[in-house]
Amino acid sequence: MFSGINVVFTIDENYIQHFTVALTSLLDNNKCIDRVFLVSELTDNADLDISLKYFKEKYHKNIELKYLDGNVCDSLKISHHITKATYFRLLLADILPNDINEVLFLDSDILVIGDISEIADLNFCHSNNSVLKNDELYIYAASHNYNKDDMQRLRKIGYTSDDYFNAGVMYINLMRWREEKISERLMHIANKYKDDLLFWDQDVLNIAFQDSWEKLDFSFNAFNLEVKTTTDQYKIIHYTGSSKPWHFVNKHPYKKEYFNCLKLTPFSNYKPNDITLKNAVIRFLIPAKVFKFIKSRK
């Protein structure tokens, strides 16, 4: 039986605009959203206030703010375009209200372009129909389809499974997380392997939940896309990697969709800060596949 979906985002001040775009796209394409939670360490931010007012006025949706002291993540590894806010999702069981048993976690670098209501009907029992509580799934997530070299790296830090998931879209069994004090376990893993983590909290979650997660269809977390389709093949576009659609030089096939949604938000006047002659040459004269290869070599 269908029921509404509770959603949670985690952000820092750099992602307020992109969170606003992501949630706008979600609410415009779905009437099934119940409560929306936003986890951050922000206490006084004008852009966030503008965003919250926008959602209240346009969608009659009150975003429930959950403050987290970012100092709890100071000891964890961050690098490249990642900040410590990425680790906030490890603590969701402790942050969200006890009456929320399931929640859909969404990264802020996503765009919802379809109906996601069927997520609410997912069952956390294993596919073997087990009804044992300790055999329930922790999450649903899309497979990352790691290659042999990636898996070899993970083997060195305690990973024994043959599959690996992307943590940008997760349907979470919060009840089990709480019962097993998962937050403590995740933070322990994050600290134990912090010098060996390549994909930060995503590695942590995979180590903790190996063989206790179920695959979410790729359409709910379509990442690493190289071409645009003409069908309704995807429901959620995930802009993974350090190059994002809001960067001028970015060549993502769904870049235009991000800016179309951005125009609906209070941040419609945004202009990329990487507009240079060099980047104009890269964007308009260098083919997308060549650009992606160059980025992968850095």
# chains A, B, ... in the order shown; residues from 1 in each chain; ligands from 1

call {"tool": "residues_around", "arguments": {"residues": "Ile189 of chain A", "least_positions_apart": "6", "cutoff": "12 Å", "atoms": "only C-alpha atoms", "output": "list in words"}}
result
Leu76, Lys77, Tyr87, Leu90, Ile157, Gly158, Tyr159, Ile182, Ser183, Asp195, Asp196, Leu197, Trp200, Asp201, Gln202, Asp203, Val204, Leu205, Asn206, Ile207, Ala208 and Phe209 of chain A

call {"tool": "select_by_dssp", "arguments": {"residues": "segment 32-102 of chain A", "states": "helix (DSSP H, G or I)", "output": "number ranges by chain"}}
result
A: 46-59, 70-73, 84-95

call {"tool": "residues_around", "arguments": {"residues": "segment 101-105 of chain A", "least_positions_apart": "3", "cutoff": "7 Å", "atoms": "only C-alpha atoms", "output": "ChimeraX atom specification"}}
result
/A:5-9,169-175

call {"tool": "atom_distance", "arguments": {"atom1": "atom CA of Gly70 of chain A", "atom2": "atom CA of Ala85 of chain A"}}
result
7.3 Å

call {"tool": "select_by_dssp", "arguments": {"residues": "segment 25-274 of chain A", "states": "strand (DSSP E or B)", "output": "compact mmCIF listing (two decimals) with N, CA and C atoms, in the first residue's frame"}}
result
# COMPACT_ATOMS: atom_id res chain seq x y z
N ILE A 33 5.41 13.54 -1.21
CA ILE A 33 6.42 13.87 -0.21
C ILE A 33 5.74 14.36 1.07
N ASP A 34 6.05 13.69 2.17
CA ASP A 34 5.50 14.08 3.47
C ASP A 34 6.42 15.12 4.13
N ARG A 35 7.30 14.67 5.00
CA ARG A 35 8.17 15.59 5.72
C ARG A 35 9.53 15.70 5.04
N VAL A 36 10.08 16.90 5.08
CA VAL A 36 11.40 17.15 4.49
C VAL A 36 12.32 17.66 5.60
N PHE A 37 13.46 16.98 5.78
CA PHE A 37 14.43 17.36 6.80
C PHE A 37 15.70 17.87 6.14
N LEU A 38 16.31 18.85 6.77
CA LEU A 38 17.57 19.40 6.28
C LEU A 38 18.57 19.43 7.44
N VAL A 39 19.64 18.67 7.29
CA VAL A 39 20.67 18.57 8.33
C VAL A 39 21.86 19.44 7.94
N SER A 40 22.27 20.33 8.83
CA SER A 40 23.44 21.17 8.57
C SER A 40 23.93 21.73 9.89
N GLU A 64 12.08 21.00 7.93
CA GLU A 64 12.44 20.78 9.32
C GLU A 64 13.96 20.76 9.46
N LEU A 65 14.50 21.81 10.07
CA LEU A 65 15.94 21.94 10.22
C LEU A 65 16.45 21.12 11.39
N LYS A 66 17.54 20.41 11.17
CA LYS A 66 18.17 19.63 12.22
C LYS A 66 19.64 20.06 12.29
N TYR A 67 19.98 20.70 13.39
CA TYR A 67 21.34 21.21 13.55
C TYR A 67 22.28 20.09 13.99
N GLU A 102 11.47 5.19 8.18
CA GLU A 102 12.14 5.08 6.88
C GLU A 102 12.32 6.49 6.34
N VAL A 103 13.41 6.71 5.64
CA VAL A 103 13.64 8.03 5.06
C VAL A 103 14.43 7.88 3.77
N LEU A 104 14.14 8.74 2.82
CA LEU A 104 14.88 8.77 1.56
C LEU A 104 15.95 9.84 1.67
N PHE A 105 17.20 9.42 1.65
CA PHE A 105 18.31 10.37 1.64
C PHE A 105 18.63 10.76 0.21
N LEU A 106 18.78 12.07 -0.02
CA LEU A 106 19.15 12.56 -1.35
C LEU A 106 20.33 13.51 -1.24
N ILE A 110 21.51 16.54 -7.17
CA ILE A 110 20.61 15.70 -7.96
C ILE A 110 19.50 16.55 -8.55
N LEU A 111 18.82 15.99 -9.53
CA LEU A 111 17.65 16.62 -10.11
C LEU A 111 16.60 15.54 -10.32
N VAL A 112 15.43 15.73 -9.76
CA VAL A 112 14.35 14.75 -9.91
C VAL A 112 13.53 15.12 -11.14
N ILE A 139 19.50 -0.65 3.80
CA ILE A 139 19.16 0.37 2.81
C ILE A 139 18.84 -0.26 1.45
N TYR A 140 18.23 0.56 0.60
CA TYR A 140 18.19 0.33 -0.85
C TYR A 140 19.07 1.39 -1.49
N ALA A 141 19.89 1.00 -2.45
CA ALA A 141 20.75 1.96 -3.14
C ALA A 141 21.13 1.38 -4.50
N ALA A 142 21.52 2.24 -5.41
CA ALA A 142 21.91 1.80 -6.76
C ALA A 142 23.34 1.29 -6.77
N SER A 143 23.56 0.21 -7.49
CA SER A 143 24.89 -0.36 -7.60
C SER A 143 25.81 0.58 -8.36
N PHE A 165 27.64 0.06 -3.58
CA PHE A 165 26.55 0.97 -3.96
C PHE A 165 26.98 2.43 -3.91
N ASN A 166 26.24 3.24 -4.66
CA ASN A 166 26.42 4.68 -4.63
C ASN A 166 25.51 5.25 -3.54
N ALA A 167 26.06 6.10 -2.67
CA ALA A 167 25.34 6.57 -1.49
C ALA A 167 24.59 7.88 -1.72
N GLY A 168 24.50 8.34 -2.95
CA GLY A 168 23.84 9.61 -3.24
C GLY A 168 22.33 9.57 -3.13
N VAL A 169 21.76 8.39 -3.33
CA VAL A 169 20.32 8.18 -3.16
C VAL A 169 20.15 6.89 -2.37
N MET A 170 19.62 6.99 -1.16
CA MET A 170 19.45 5.80 -0.32
C MET A 170 18.08 5.83 0.36
N TYR A 171 17.37 4.71 0.28
CA TYR A 171 16.15 4.55 1.06
C TYR A 171 16.55 3.79 2.31
N ILE A 172 16.44 4.44 3.46
CA ILE A 172 17.09 3.98 4.69
C ILE A 172 16.10 3.39 5.69
N ASN A 173 16.48 2.24 6.24
CA ASN A 173 15.73 1.59 7.31
C ASN A 173 16.19 2.19 8.65
N TRP A 213 22.15 -4.88 1.87
CA TRP A 213 21.45 -3.84 1.13
C TRP A 213 20.89 -4.44 -0.15
N GLU A 214 19.89 -3.80 -0.69
CA GLU A 214 19.25 -4.29 -1.90
C GLU A 214 19.40 -3.23 -2.99
N LYS A 215 19.46 -3.68 -4.23
CA LYS A 215 19.67 -2.76 -5.34
C LYS A 215 18.42 -1.93 -5.64
N ALA A 222 20.64 7.96 -11.53
CA ALA A 222 21.31 7.86 -12.82
C ALA A 222 22.55 8.76 -12.81
N ILE A 236 15.74 10.17 -11.36
CA ILE A 236 16.63 11.08 -10.64
C ILE A 236 17.98 11.12 -11.35
N ILE A 237 18.39 12.31 -11.73
CA ILE A 237 19.71 12.52 -12.32
C ILE A 237 20.67 12.91 -11.19
N HIS A 238 21.80 12.23 -11.12
CA HIS A 238 22.78 12.50 -10.07
C HIS A 238 24.05 13.04 -10.73

call {"tool": "residues_around", "arguments": {"residues": "Lys235 of chain A", "least_positions_apart": "6", "cutoff": "6 Å", "atoms": "only C-alpha atoms", "output": "list in words"}}
result
Val112, Ile113, Gly114, Ser219 and Phe220 of chain A

call {"tool": "residues_around", "arguments": {"residues": "Asn269 of chain A", "least_positions_apart": "3", "cutoff": "12 Å", "atoms": "only C-alpha atoms", "output": "PDB file with C-alpha atoms, in the first residue's frame"}}
result
ATOM      1  CA  GLN A  17      21.412  26.848  -3.958  1.00  0.00           C
ATOM      2  CA  PHE A 259      19.426  25.654 -15.071  1.00  0.00           C
ATOM      3  CA  ASN A 260      15.776  25.360 -16.137  1.00  0.00           C
ATOM      4  CA  LEU A 262      17.266  26.998 -11.127  1.00  0.00           C
ATOM      5  CA  LYS A 263      15.222  29.682 -12.905  1.00  0.00           C
ATOM      6  CA  LEU A 264      12.229  28.732 -10.753  1.00  0.00           C
ATOM      7  CA  THR A 265      14.104  29.381  -7.507  1.00  0.00           C
ATOM      8  CA  PRO A 266      15.230  32.522  -5.660  1.00  0.00           C
ATOM      9  CA  PRO A 272      29.032  30.568 -12.872  1.00  0.00           C
TER      10      PRO A 272
END

call {"tool": "residues_around", "arguments": {"residues": "Ala93 of chain A", "least_positions_apart": "3", "cutoff": "6 Å", "atoms": "only C-alpha atoms", "output": "number ranges by chain"}}
result
A: 96, 174, 177-178

call {"tool": "atom_distance", "arguments": {"atom1": "atom CA of Glu13 of chain A", "atom2": "atom CA of Glu184 of chain A"}}
result
26.0 Å

call {"tool": "closest_residue", "arguments": {"among": "A:Asp150, A:Leu216, A:Leu48, A:Glu41", "to": "Ile119 of chain A", "atoms": "only C-alpha atoms"}}
result
A:Leu216

call {"tool": "atom_distance", "arguments": {"atom1": "atom CA of Thr160 of chain A", "atom2": "atom CA of Gly241 of chain A"}}
result
25.4 Å

call {"tool": "closest_residue", "arguments": {"among": "A:Asp107, A:Glu57, A:Asp115, A:Asp44", "to": "Asn29 of chain A", "atoms": "only C-alpha atoms"}}
result
A:Asp115
